[in-house]
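Structure file structure37.cif; described as mmCIF, C-alpha atoms and all ligand atoms.
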```cif
data_coords
loop_
_atom_site.label_atom_id
_atom_site.label_comp_id
_atom_site.auth_asym_id
_atom_site.auth_seq_id
_atom_site.Cartn_x
_atom_site.Cartn_y
_atom_site.Cartn_z
CA MET A 1 -0.82 -129.08 0.91
CA PRO A 2 2.47 -130.75 1.90
CA THR A 3 4.35 -133.05 -0.46
CA VAL A 4 5.80 -136.41 0.54
CA TYR A 5 8.34 -138.27 -1.56
CA ILE A 6 8.37 -142.02 -1.01
CA ILE A 7 11.91 -143.11 -1.81
CA LEU A 8 12.64 -146.81 -2.05
CA TYR A 9 14.85 -149.59 -3.21
CA SER A 10 13.04 -152.81 -4.04
CA LEU A 11 14.76 -155.69 -5.76
CA TYR A 12 11.82 -158.11 -5.66
CA HIS A 13 8.97 -155.55 -5.31
CA HIS A 14 7.93 -156.35 -1.73
CA VAL A 15 8.96 -152.92 -0.49
CA TYR A 16 7.27 -151.42 -3.54
CA LYS A 17 3.97 -153.08 -2.61
CA VAL A 18 4.22 -151.84 0.98
CA ALA A 19 5.01 -148.38 -0.44
CA GLN A 20 1.76 -148.37 -2.38
CA ALA A 21 -0.17 -149.05 0.84
CA VAL A 22 1.71 -146.23 2.59
CA GLN A 23 0.87 -143.98 -0.37
CA LYS A 24 -2.81 -144.87 0.01
CA GLY A 25 -2.78 -143.70 3.64
CA LEU A 26 -0.94 -140.48 2.83
CA GLU A 27 -3.31 -139.61 0.00
CA ALA A 28 -6.35 -140.39 2.14
CA GLU A 29 -5.24 -137.52 4.37
CA GLY A 30 -4.83 -135.11 1.47
CA VAL A 31 -1.06 -135.15 1.07
CA ASP A 32 0.63 -134.97 -2.37
CA VAL A 33 2.72 -138.10 -2.92
CA LYS A 34 5.37 -139.02 -5.47
CA LEU A 35 7.18 -142.36 -5.58
CA PHE A 36 10.85 -142.64 -6.50
CA GLN A 37 13.52 -145.32 -6.47
CA VAL A 38 17.24 -144.91 -5.96
CA THR A 39 19.84 -145.80 -8.59
CA GLU A 40 20.77 -149.48 -8.86
CA THR A 41 24.45 -150.06 -8.17
CA LEU A 42 24.62 -153.79 -8.93
CA SER A 43 25.82 -154.98 -12.33
CA ASP A 44 23.48 -156.76 -14.73
CA GLU A 45 25.49 -159.93 -14.14
CA ILE A 46 24.88 -159.86 -10.40
CA LEU A 47 21.22 -158.91 -10.88
CA SER A 48 20.80 -161.87 -13.17
CA LYS A 49 22.40 -164.20 -10.61
CA LEU A 50 19.99 -162.80 -8.01
CA HIS A 51 17.05 -163.57 -10.37
CA ALA A 52 15.97 -159.96 -10.09
CA PRO A 53 12.81 -159.09 -12.02
CA ASP A 54 12.47 -155.81 -13.94
CA ARG A 55 12.82 -152.79 -11.71
CA PRO A 56 9.66 -151.02 -10.49
CA ASN A 57 8.47 -148.47 -13.03
CA LEU A 58 9.44 -145.43 -10.95
CA PRO A 59 11.60 -142.37 -11.63
CA ILE A 60 15.09 -142.25 -10.15
CA ILE A 61 15.42 -139.74 -7.33
CA THR A 62 18.18 -137.12 -7.55
CA VAL A 63 19.83 -135.38 -4.62
CA ASP A 64 18.34 -132.05 -5.70
CA ASP A 65 14.84 -133.57 -5.74
CA LEU A 66 15.06 -133.85 -1.96
CA THR A 67 14.77 -130.08 -1.53
CA LYS A 68 11.36 -130.07 -3.26
CA ALA A 69 9.55 -132.27 -0.74
CA ASP A 70 8.29 -131.44 2.74
CA ALA A 71 8.87 -135.00 3.91
CA PHE A 72 10.22 -138.39 2.91
CA MET A 73 9.20 -141.95 3.57
CA PHE A 74 11.98 -144.42 2.90
CA GLY A 75 11.17 -147.99 1.82
CA ILE A 76 14.05 -150.24 2.86
CA PRO A 77 14.73 -153.95 2.20
CA THR A 78 17.15 -155.28 4.81
CA ARG A 79 20.70 -156.30 3.94
CA PHE A 80 22.61 -158.10 6.70
CA GLY A 81 20.46 -156.42 9.33
CA THR A 82 20.91 -152.93 7.95
CA PHE A 83 19.95 -150.88 4.91
CA PRO A 84 21.17 -151.61 1.36
CA SER A 85 24.16 -149.92 -0.24
CA GLN A 86 21.96 -148.51 -2.99
CA LEU A 87 20.26 -146.28 -0.41
CA LYS A 88 23.55 -145.53 1.32
CA SER A 89 25.12 -144.53 -1.96
CA PHE A 90 22.29 -142.08 -2.60
CA LEU A 91 22.31 -140.60 0.91
CA ASP A 92 26.09 -140.31 1.00
CA ALA A 93 25.78 -137.94 -1.96
CA THR A 94 23.76 -135.42 0.08
CA GLY A 95 26.77 -133.62 1.59
CA ALA A 96 25.97 -130.34 -0.16
CA LEU A 97 22.44 -130.38 1.24
CA TRP A 98 23.83 -131.11 4.70
CA ALA A 99 26.29 -128.22 4.43
CA THR A 100 23.52 -125.72 3.72
CA GLY A 101 20.99 -127.23 6.13
CA ALA A 102 18.68 -127.71 3.14
CA LEU A 103 16.83 -130.66 4.65
CA ALA A 104 16.70 -129.40 8.23
CA GLY A 105 13.18 -129.30 9.61
CA LYS A 106 11.75 -131.72 7.05
CA PHE A 107 10.06 -134.93 8.21
CA ALA A 108 10.77 -138.62 7.52
CA GLY A 109 9.42 -142.07 8.18
CA THR A 110 10.63 -145.58 7.34
CA PHE A 111 9.17 -148.96 6.33
CA PHE A 112 10.78 -152.30 5.61
CA SER A 113 11.01 -155.78 4.20
CA THR A 114 13.07 -158.71 5.44
CA ALA A 115 13.31 -162.33 4.35
CA SER A 116 12.63 -163.65 7.84
CA GLN A 117 10.59 -162.57 10.82
CA HIS A 118 13.65 -161.69 12.88
CA GLY A 119 15.88 -160.71 9.99
CA GLY A 120 16.45 -157.18 11.26
CA GLN A 121 13.64 -154.74 10.46
CA GLU A 122 14.31 -152.84 13.70
CA THR A 123 18.10 -152.78 13.34
CA THR A 124 17.61 -151.58 9.78
CA ALA A 125 15.55 -148.67 11.08
CA TYR A 126 17.94 -147.94 13.90
CA THR A 127 21.01 -147.80 11.69
CA PHE A 128 19.22 -145.56 9.20
CA MET A 129 18.54 -142.89 11.83
CA THR A 130 21.96 -141.24 11.67
CA TYR A 131 21.09 -139.58 8.36
CA PHE A 132 18.04 -137.96 9.90
CA ALA A 133 19.99 -136.77 12.93
CA HIS A 134 22.81 -135.28 10.88
CA HIS A 135 20.49 -133.53 8.43
CA GLY A 136 18.21 -132.27 11.21
CA ILE A 137 15.27 -134.19 9.75
CA ASN A 138 12.41 -134.95 12.17
CA TYR A 139 11.85 -138.70 12.38
CA VAL A 140 8.24 -139.81 12.80
CA PRO A 141 7.95 -143.42 14.03
CA LEU A 142 4.82 -145.51 13.60
CA GLY A 143 4.58 -146.48 17.24
CA PHE A 144 1.95 -149.14 17.84
CA ALA A 145 -0.70 -147.20 15.98
CA ASN A 146 -2.29 -150.29 14.41
CA SER A 147 -3.55 -153.16 16.57
CA HIS A 148 -2.18 -155.78 14.14
CA LEU A 149 1.20 -155.02 15.66
CA PHE A 150 0.00 -156.78 18.83
CA ASP A 151 -1.29 -159.82 16.93
CA ASN A 152 0.94 -162.83 17.60
CA SER A 153 -1.35 -165.34 15.94
CA GLU A 154 0.54 -165.18 12.64
CA VAL A 155 3.73 -163.72 11.14
CA ILE A 156 3.23 -159.98 10.75
CA GLY A 157 5.98 -157.63 9.62
CA GLY A 158 6.42 -154.14 10.95
CA SER A 159 7.25 -152.62 14.31
CA ALA A 160 7.16 -149.32 16.13
CA TRP A 161 9.70 -148.08 13.57
CA GLY A 162 7.43 -148.58 10.61
CA ALA A 163 5.37 -151.00 8.55
CA GLY A 164 7.04 -154.04 7.09
CA THR A 165 6.59 -157.34 5.32
CA VAL A 166 8.33 -160.69 5.56
CA ALA A 167 9.26 -161.89 2.07
CA ASN A 168 10.80 -165.35 2.69
CA GLY A 169 14.32 -166.17 1.53
CA ASP A 170 13.13 -166.89 -2.00
CA GLY A 171 10.76 -163.92 -2.09
CA SER A 172 7.73 -166.21 -2.28
CA ARG A 173 5.70 -164.59 0.49
CA GLU A 174 3.59 -161.60 -0.53
CA PRO A 175 2.68 -158.72 1.83
CA THR A 176 -0.43 -159.77 3.74
CA VAL A 177 -3.63 -157.79 4.20
CA LYS A 178 -2.67 -157.00 7.80
CA GLU A 179 0.81 -155.82 6.83
CA LEU A 180 -0.66 -153.56 4.17
CA GLU A 181 -3.22 -152.19 6.62
CA ILE A 182 -0.41 -151.32 9.00
CA ALA A 183 1.34 -149.54 6.14
CA THR A 184 -1.79 -147.53 5.33
CA THR A 185 -2.15 -146.54 8.99
CA GLN A 186 1.45 -145.35 8.93
CA GLY A 187 0.73 -143.20 5.87
CA GLU A 188 -2.36 -141.70 7.49
CA ASN A 189 -0.64 -140.90 10.77
CA PHE A 190 2.41 -139.46 9.07
CA ALA A 191 0.19 -137.23 6.92
CA LYS A 192 -1.75 -135.93 9.95
CA ILE A 193 1.41 -134.94 11.78
CA LEU A 194 2.93 -133.36 8.68
CA THR A 195 -0.27 -131.46 7.87
CA ALA A 196 -0.57 -130.11 11.41
CA PHE A 197 3.02 -128.87 11.26
CA HIS A 198 2.52 -127.41 7.78
CA ARG A 199 -0.57 -125.43 8.86
CA GLY A 200 1.07 -124.25 12.07
CA SER A 201 4.15 -123.17 10.17
CA LYS A 202 2.10 -121.13 7.70
CA ALA A 203 0.11 -119.52 10.52
CA LEU A 204 3.37 -118.68 12.28
CA ASP A 205 4.68 -116.95 9.15
CA SER A 206 1.57 -114.82 8.72
CA THR A 207 1.35 -113.96 12.43
CA THR A 208 4.97 -112.90 12.44
CA ASP A 209 4.49 -110.73 9.35
CA ALA A 210 1.56 -109.02 11.06
CA ALA A 211 3.58 -108.48 14.26
CA ASP A 212 6.47 -107.01 12.25
CA ALA A 213 4.12 -104.69 10.39
CA ALA A 214 2.53 -103.53 13.65
CA ALA A 215 5.89 -102.94 15.31
CA ALA A 216 7.48 -101.00 12.43
CA PRO A 217 5.56 -97.68 12.74
CA ALA A 218 5.95 -97.64 16.51
CA ALA A 219 9.69 -98.07 16.16
CA THR A 220 9.76 -95.21 13.66
CA ASP A 221 7.85 -93.05 16.13
CA ALA A 222 10.45 -93.90 18.71
CA GLN A 223 13.20 -92.48 16.55
CA THR A 224 11.56 -89.05 16.42
CA ASP A 225 10.07 -89.05 19.91
CA ASP A 226 11.34 -85.97 21.71
CA LYS A 227 10.62 -87.55 25.11
CA ILE A 228 13.53 -89.90 24.62
CA GLU A 229 15.66 -88.15 27.23
CA GLN A 230 13.14 -89.13 29.91
CA VAL A 231 13.94 -92.83 29.55
CA ASN A 232 16.35 -94.25 32.07
CA PRO A 233 19.27 -95.42 29.95
CA SER A 234 20.47 -97.87 32.59
CA THR A 235 17.37 -100.06 32.24
CA SER A 236 16.25 -99.35 28.73
CA GLY A 237 18.40 -101.86 26.89
CA ALA A 238 17.25 -104.81 28.93
CA THR A 239 13.63 -103.76 28.67
CA ALA A 240 13.81 -103.46 24.94
CA THR A 241 15.30 -106.90 24.46
CA ALA A 242 12.92 -108.59 26.87
CA GLY A 243 9.97 -106.85 25.27
CA ALA A 244 10.94 -107.94 21.81
CA VAL A 245 11.42 -111.54 22.91
CA GLY A 246 8.06 -111.43 24.68
CA ALA A 247 6.33 -110.21 21.56
CA ALA A 248 7.90 -112.92 19.45
CA ALA A 249 7.02 -115.61 21.97
CA GLY A 250 3.46 -114.34 22.09
CA ALA A 251 3.26 -114.43 18.32
CA THR A 252 4.51 -118.03 18.35
CA ALA A 253 1.84 -119.02 20.86
CA ALA A 254 -0.84 -117.39 18.74
CA ALA A 255 0.39 -119.21 15.67
CA ASN A 256 0.40 -122.52 17.50
CA ALA A 257 -3.19 -122.00 18.53
CA ALA A 258 -4.25 -121.10 15.00
CA GLY A 259 -2.16 -123.72 13.25
CA THR A 260 -3.35 -126.74 15.17
CA LYS A 261 -7.01 -125.77 15.31
CA ASP A 262 -8.13 -127.90 12.38
CA THR A 263 -6.19 -131.04 13.16
CA ILE A 264 -8.18 -134.09 12.24
CA ASN A 265 -7.67 -137.08 14.49
CA LYS A 266 -8.85 -137.46 18.04
CA ALA A 267 -5.44 -137.58 19.66
CA SER A 268 -4.46 -134.38 17.93
CA ALA A 269 -7.80 -132.79 18.79
CA ASP A 270 -7.23 -133.51 22.49
CA ALA A 271 -3.79 -132.05 22.29
CA ASN A 272 -5.25 -129.06 20.48
CA ASP A 273 -7.63 -128.32 23.30
CA ALA A 274 -4.71 -127.95 25.62
CA THR A 275 -2.64 -125.98 23.12
CA ALA A 276 -5.52 -123.76 22.11
CA THR A 277 -6.39 -122.85 25.69
CA SER A 278 -2.93 -121.80 26.68
CA GLY A 279 -2.29 -120.49 23.19
CA THR A 280 -5.32 -118.22 23.30
CA ASP A 281 -4.23 -116.72 26.60
CA LYS A 282 -0.78 -116.19 25.25
CA ALA A 283 -2.20 -114.84 22.00
CA ALA A 284 -4.11 -112.24 23.98
CA ASN A 285 -0.92 -111.38 25.80
CA ALA A 286 0.88 -111.20 22.49
CA SER A 287 -1.31 -108.36 21.31
CA LYS A 288 -0.55 -106.54 24.54
CA THR A 289 3.16 -107.18 24.43
CA THR A 290 3.62 -106.11 20.83
CA THR A 291 3.28 -102.42 21.63
CA PRO A 292 5.53 -102.39 24.70
CA ALA A 293 8.12 -104.29 22.70
CA ALA A 294 8.08 -101.67 20.02
CA ASN A 295 7.89 -98.82 22.52
CA SER A 296 10.74 -100.17 24.50
CA ALA A 297 12.83 -99.82 21.37
CA LYS A 298 12.89 -96.07 22.10
CA PRO A 299 15.90 -96.07 24.40
CA THR A 300 17.74 -98.50 22.16
CA GLU A 301 18.36 -95.52 19.93
CA THR A 302 21.04 -94.52 22.34
CA ALA A 303 22.48 -97.87 23.26
CA SER A 304 22.89 -101.48 22.15
CA ALA A 305 19.25 -102.50 22.38
CA GLN A 306 18.39 -101.32 18.87
CA PRO A 307 20.36 -104.09 17.21
CA GLN A 308 19.40 -106.54 19.96
CA SER A 309 15.65 -106.12 19.82
CA LYS A 310 15.14 -106.73 16.12
CA PRO A 311 17.25 -109.89 15.80
CA ALA A 312 15.62 -111.28 18.95
CA ALA A 313 12.21 -111.01 17.34
CA ALA A 314 13.51 -112.25 14.01
CA ALA A 315 15.22 -115.26 15.55
CA GLN A 316 11.98 -116.35 17.17
CA SER A 317 9.99 -115.89 14.02
CA LYS A 318 12.17 -117.62 11.44
CA PRO A 319 10.75 -120.85 9.97
CA ILE A 320 12.59 -123.91 11.19
CA SER A 321 13.92 -124.73 7.76
CA GLU A 322 15.62 -121.34 7.37
CA LYS A 323 19.34 -121.87 6.86
CA PRO A 324 21.58 -120.47 9.56
CA ALA A 325 24.16 -118.05 8.25
CA ALA A 326 26.90 -119.99 9.99
CA LYS A 327 26.00 -123.10 8.02
CA GLN A 328 26.17 -121.16 4.76
CA GLU A 329 29.66 -120.06 5.73
CA LYS A 330 30.67 -123.62 6.55
CA LYS A 331 29.88 -124.74 3.04
CA LYS A 332 32.60 -122.52 1.62
CA ASN A 333 35.24 -123.70 4.05
CA ASP A 334 35.32 -127.29 5.13
CA CYS A 335 32.54 -129.23 3.51
CA PHE A 336 32.91 -132.72 2.12
CA CYS A 337 30.18 -132.08 -0.40
CA MET A 338 30.45 -132.48 -4.13
C1 LIG B 1 22.67 -159.50 0.09
C2 LIG B 1 21.37 -159.69 0.80
C3 LIG B 1 21.34 -159.60 2.20
C4 LIG B 1 20.15 -159.81 2.88
N1 LIG B 1 20.15 -159.72 4.24
C5 LIG B 1 19.01 -159.98 4.92
C6 LIG B 1 18.96 -159.92 6.35
O1 LIG B 1 19.94 -159.58 7.02
N2 LIG B 1 17.80 -160.26 6.95
C7 LIG B 1 16.71 -160.66 6.26
O2 LIG B 1 15.68 -160.98 6.86
N3 LIG B 1 16.70 -160.64 4.91
C8 LIG B 1 17.81 -160.33 4.24
N4 LIG B 1 17.80 -160.32 2.87
C9 LIG B 1 16.55 -160.54 2.17
C10 LIG B 1 15.95 -159.22 1.73
O3 LIG B 1 15.74 -158.39 2.83
C11 LIG B 1 14.67 -159.45 0.99
O4 LIG B 1 15.01 -160.02 -0.25
C12 LIG B 1 13.92 -158.16 0.77
O5 LIG B 1 13.40 -157.71 1.98
C13 LIG B 1 12.79 -158.29 -0.19
O6 LIG B 1 12.31 -157.01 -0.46
P1 LIG B 1 12.18 -156.51 -1.96
O7 LIG B 1 11.32 -157.51 -2.67
O8 LIG B 1 11.53 -155.19 -1.90
O9 LIG B 1 13.55 -156.46 -2.59
C14 LIG B 1 18.96 -160.10 2.16
C15 LIG B 1 19.00 -160.13 0.76
C16 LIG B 1 20.20 -159.93 0.09
C17 LIG B 1 20.18 -159.96 -1.40
#
```
Translate this structure into C-alpha cells?
Ligand SMILES: Cc1cc2nc3c(=O)[nH]c(=O)nc-3n(C[C@H](O)[C@H](O)[C@H](O)COP(=O)(O)O)c2cc1C
Amino acid sequence: MPTVYIILYSLYHHVYKVAQAVQKGLEAEGVDVKLFQVTETLSDEILSKLHAPDRPNLPIITVDDLTKADAFMFGIPTRFGTFPSQLKSFLDATGALWATGALAGKFAGTFFSTASQHGGQETTAYTFMTYFAHHGINYVPLGFANSHLFDNSEVIGGSAWGAGTVANGDGSREPTVKELEIATTQGENFAKILTAFHRGSKALDSTTDAADAAAAPAATDAQTDDKIEQVNPSTSGATATAGAVGAAAGATAAANAAGTKDTINKASADANDATATSGTDKAANASKTTTPAANSAKPTETASAQPQSKPAAAAQSKPISEKPAAKQEKKKNDCFCM
C-alpha cells in the first residue's frame, strides 16, 4: 500500500481543513496518509501582529522524512501570488536529496487557499512546479475531475491544478461543502493513479527477477557450449544486444499488463483494456524472446556483447526511483547540498 505525506503550511487553518478533505479521499482509496506541517519561520512578534491562532497540531516534516513516502500532496496558502517562504525554506533544504535523485519517480499534487477569488491559486501552483521538475517528481494535476469546478453560480476555490478555498482577507470565510468535495475527489484520483503505478512497479520487479532467473542458466550453458565456433562473430554482438533489449521490453510489457489489471475507476479500466490487450501479446512474445536473448549471449563470449547484453536488460528493468550512478558521483563533486 503506498504512503502519501500531506505537507502543508496553514497560518489560519484553511489549508489544514482542505487537507483533511484531501486525506479523506486518499484514505477512501486505501492509501496510507500522514499529515505534516513545515517549520514556521516568522517570529512570535510578527505572528501576534498577524493575529495567528495556535498552529495546527501536526508534526514538523524533516527533509529526511521525504524519502519515506511514495508521494506528497502540498497544501499551500498563497503569498503575493506564489507560495510562502516557509515552504520555500523547507524545499530549499532538499539539495542532498536532489543530488542523489532520492525523490525521483515519486508523485506529487498541490492544493491551495487564497484570500480572494483571483488572488493567485493558479500562479501559486505554477511557480511551485520547478521543485517537482528538478527533483524528477511526477506532478499529478486535478484536471476538471469534479463538476463543481464548472459551477459559476457561487465562489468556488480550486482549479485544474488542485483543490482550493477562498478565505477572505480577514480569514472569515470557511471552506465550503463544494470546495471540500473537490478536495476529496482530488485525494481519490491521486490515490488511484498512485496505486496503479505502485502495483505496476511491483509487478515489473517480480517479472524482471523471473526473467533474470530464467536467463542465467542459459547464459551459463553458453559459456561451456562447444558449438560456439559455429556462430558468425560478425553478427553475434548485435544479435545479443538486440535480443537482450527485446527480452527486457517484453518483460516490461508483461508487467504493465499485470500491474494495471486491478485498477479501480472506469477511466483506468478502459485504459487497462487497451494496455492489457497489447500487453498480453507482448507478454507472450516476452516468453519467446527470453530464450533467444540468453542464447544470443553465446557469441558475446568472444566479443563485446557479453558486457552489452546484461546492462541492456538491467537498464530496462531498473525501478524508476533507482539512483543513477552518475548522480551519486555528482554528490561528491559539485553539490550545493548541506
Ligand atoms: C503576506 C501575505 C500575502 C498574501 N498574499 C495573498 C495573495 O497574493 N493573494 C491572495 O488571494 N491572498 C493572499 N494572502 C492571503 C492568504 O493567502 C490567506 O490568508 C490564506 O490563504 C489563508 O490560508 P490559511 O488559513 O491556511 O493560512 C496573503 C496573506 C499574507 C499574510
Which chains and residue numbers are within 6 Å of ligand LIG 1 (chain B), counting all atoms listed in the file, if I want them as a list in words?
Ser10, Leu11, Tyr12, His13, His14, Val15, Tyr16, Pro77, Thr78, Arg79, Phe80, Gly81, Ser113, Thr114, Ala115, Ser116, Gly119, Gly120 and Ala167 of chain A
Set out as CSV a contact list for segment 6-88 of chain A and segment 100-111 of chain A with a cut-off of 9 Å, giving each residue of segment 6-88 of chain A that qualifies its closest atom pair and distance in Å to one decimal, counting all atoms listed in the file, ordered by chain and rising residue number.
```
residue,atom,partner,partner_atom,distance
A:Val15,CA,A:Phe111,CA,7.9
A:Val18,CA,A:Phe111,CA,7.8
A:Ala19,CA,A:Phe111,CA,8.0
A:Val22,CA,A:Phe111,CA,8.8
A:Leu66,CA,A:Leu103,CA,7.5
A:Thr67,CA,A:Ala102,CA,6.5
A:Ala69,CA,A:Lys106,CA,8.1
A:Asp70,CA,A:Lys106,CA,5.5
A:Ala71,CA,A:Phe107,CA,4.5
A:Phe72,CA,A:Ala108,CA,4.6
A:Met73,CA,A:Gly109,CA,4.6
A:Phe74,CA,A:Thr110,CA,4.8
A:Gly75,CA,A:Phe111,CA,5.0
A:Ile76,CA,A:Phe111,CA,6.1
A:Pro77,CA,A:Phe111,CA,8.5
```
Requested write-out: C-alpha atoms of the selected residues, as a JSON list (two decimals), in the frame of the given file:
```json
[["chain", "number", "residue", "atom", "x", "y", "z"],
["A", 15, "VAL", "CA", 8.96, -152.92, -0.49],
["A", 18, "VAL", "CA", 4.22, -151.84, 0.98],
["A", 19, "ALA", "CA", 5.01, -148.38, -0.44],
["A", 22, "VAL", "CA", 1.71, -146.23, 2.59],
["A", 66, "LEU", "CA", 15.06, -133.85, -1.96],
["A", 67, "THR", "CA", 14.77, -130.08, -1.53],
["A", 69, "ALA", "CA", 9.55, -132.27, -0.74],
["A", 70, "ASP", "CA", 8.29, -131.44, 2.74],
["A", 71, "ALA", "CA", 8.87, -135.00, 3.91],
["A", 72, "PHE", "CA", 10.22, -138.39, 2.91],
["A", 73, "MET", "CA", 9.20, -141.95, 3.57],
["A", 74, "PHE", "CA", 11.98, -144.42, 2.90],
["A", 75, "GLY", "CA", 11.17, -147.99, 1.82],
["A", 76, "ILE", "CA", 14.05, -150.24, 2.86],
["A", 77, "PRO", "CA", 14.73, -153.95, 2.20]]
```
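Pairwise distance (atom CA of Ala203 of chain A, atom CA of Ile7 of chain A) equals 29.1 Å.
Atom CA of Lys24 of chain A lies 25.4 Å from atom CA of Asp64 of chain A.
Residues near the point (11.7, -152.7, 11.8), at a distance of 9 Å or less over only C-alpha atoms, make up Thr110, Phe111, Phe112, Ser113, Thr114, Gly120, Gln121, Glu122, Thr123, Thr124, Ala125, Tyr126, Gly157, Gly158, Ser159, Ala160, Trp161, Gly162, Ala163 and Gly164 of chain A.
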File dump, residues just selected, C-alpha atoms, as a PDB file, keeping the file's coordinate frame:
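Once everything was written out, this is part-v6.pdb:
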```
ATOM      1  CA  THR A 110      10.630-145.580   7.340  1.00  0.00           C
ATOM      2  CA  PHE A 111       9.170-148.960   6.330  1.00  0.00           C
ATOM      3  CA  PHE A 112      10.780-152.300   5.610  1.00  0.00           C
ATOM      4  CA  SER A 113      11.010-155.780   4.200  1.00  0.00           C
ATOM      5  CA  THR A 114      13.070-158.710   5.440  1.00  0.00           C
ATOM      6  CA  GLY A 120      16.450-157.180  11.260  1.00  0.00           C
ATOM      7  CA  GLN A 121      13.640-154.740  10.460  1.00  0.00           C
ATOM      8  CA  GLU A 122      14.310-152.840  13.700  1.00  0.00           C
ATOM      9  CA  THR A 123      18.100-152.780  13.340  1.00  0.00           C
ATOM     10  CA  THR A 124      17.610-151.580   9.780  1.00  0.00           C
ATOM     11  CA  ALA A 125      15.550-148.670  11.080  1.00  0.00           C
ATOM     12  CA  TYR A 126      17.940-147.940  13.900  1.00  0.00           C
ATOM     13  CA  GLY A 157       5.980-157.630   9.620  1.00  0.00           C
ATOM     14  CA  GLY A 158       6.420-154.140  10.950  1.00  0.00           C
ATOM     15  CA  SER A 159       7.250-152.620  14.310  1.00  0.00           C
ATOM     16  CA  ALA A 160       7.160-149.320  16.130  1.00  0.00           C
ATOM     17  CA  TRP A 161       9.700-148.080  13.570  1.00  0.00           C
ATOM     18  CA  GLY A 162       7.430-148.580  10.610  1.00  0.00           C
ATOM     19  CA  ALA A 163       5.370-151.000   8.550  1.00  0.00           C
ATOM     20  CA  GLY A 164       7.040-154.040   7.090  1.00  0.00           C
TER      21      GLY A 164
END
```
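Interatomic distance, atom CA of Asp170 of chain A to atom CA of His118 of chain A: 15.8 Å.
Compared by their closest atoms to Pro141 of chain A, and using all atoms listed in the file, the residues A:Ile61, A:Ile193, A:Ile156, A:Met1 rank with A:Ile193 nearest.
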Would you be able to write out as a ChimeraX atom specification which residues have an atom within 9 Å of (4.0, -160.6, 10.0) in the file's coordinates, counting only C-alpha atoms?
/A:117,148-149,151-152,154-158,164-166,175-176,178-179
Could you save the residues just selected, with C-alpha atoms, as a tab-separated table (two decimals), in the coordinates of the input?
```
chain	number	residue	atom	x	y	z
A	117	GLN	CA	10.59	-162.57	10.82
A	148	HIS	CA	-2.18	-155.78	14.14
A	149	LEU	CA	1.20	-155.02	15.66
A	151	ASP	CA	-1.29	-159.82	16.93
A	152	ASN	CA	0.94	-162.83	17.60
A	154	GLU	CA	0.54	-165.18	12.64
A	155	VAL	CA	3.73	-163.72	11.14
A	156	ILE	CA	3.23	-159.98	10.75
A	157	GLY	CA	5.98	-157.63	9.62
A	158	GLY	CA	6.42	-154.14	10.95
A	164	GLY	CA	7.04	-154.04	7.09
A	165	THR	CA	6.59	-157.34	5.32
A	166	VAL	CA	8.33	-160.69	5.56
A	175	PRO	CA	2.68	-158.72	1.83
A	176	THR	CA	-0.43	-159.77	3.74
A	178	LYS	CA	-2.67	-157.00	7.80
A	179	GLU	CA	0.81	-155.82	6.83
```
Return as lines of an AutoDock Vina configuration file the centre and edge lengths, in Å with one decimal, of the box along x, y and z that encloses every atom of segment 140-159 of chain A in the file, padded by 4 Å per side.
```
center_x = 2.3
center_y = -152.6
center_z = 14.2
size_x = 19.8
size_y = 33.5
size_z = 17.2
```
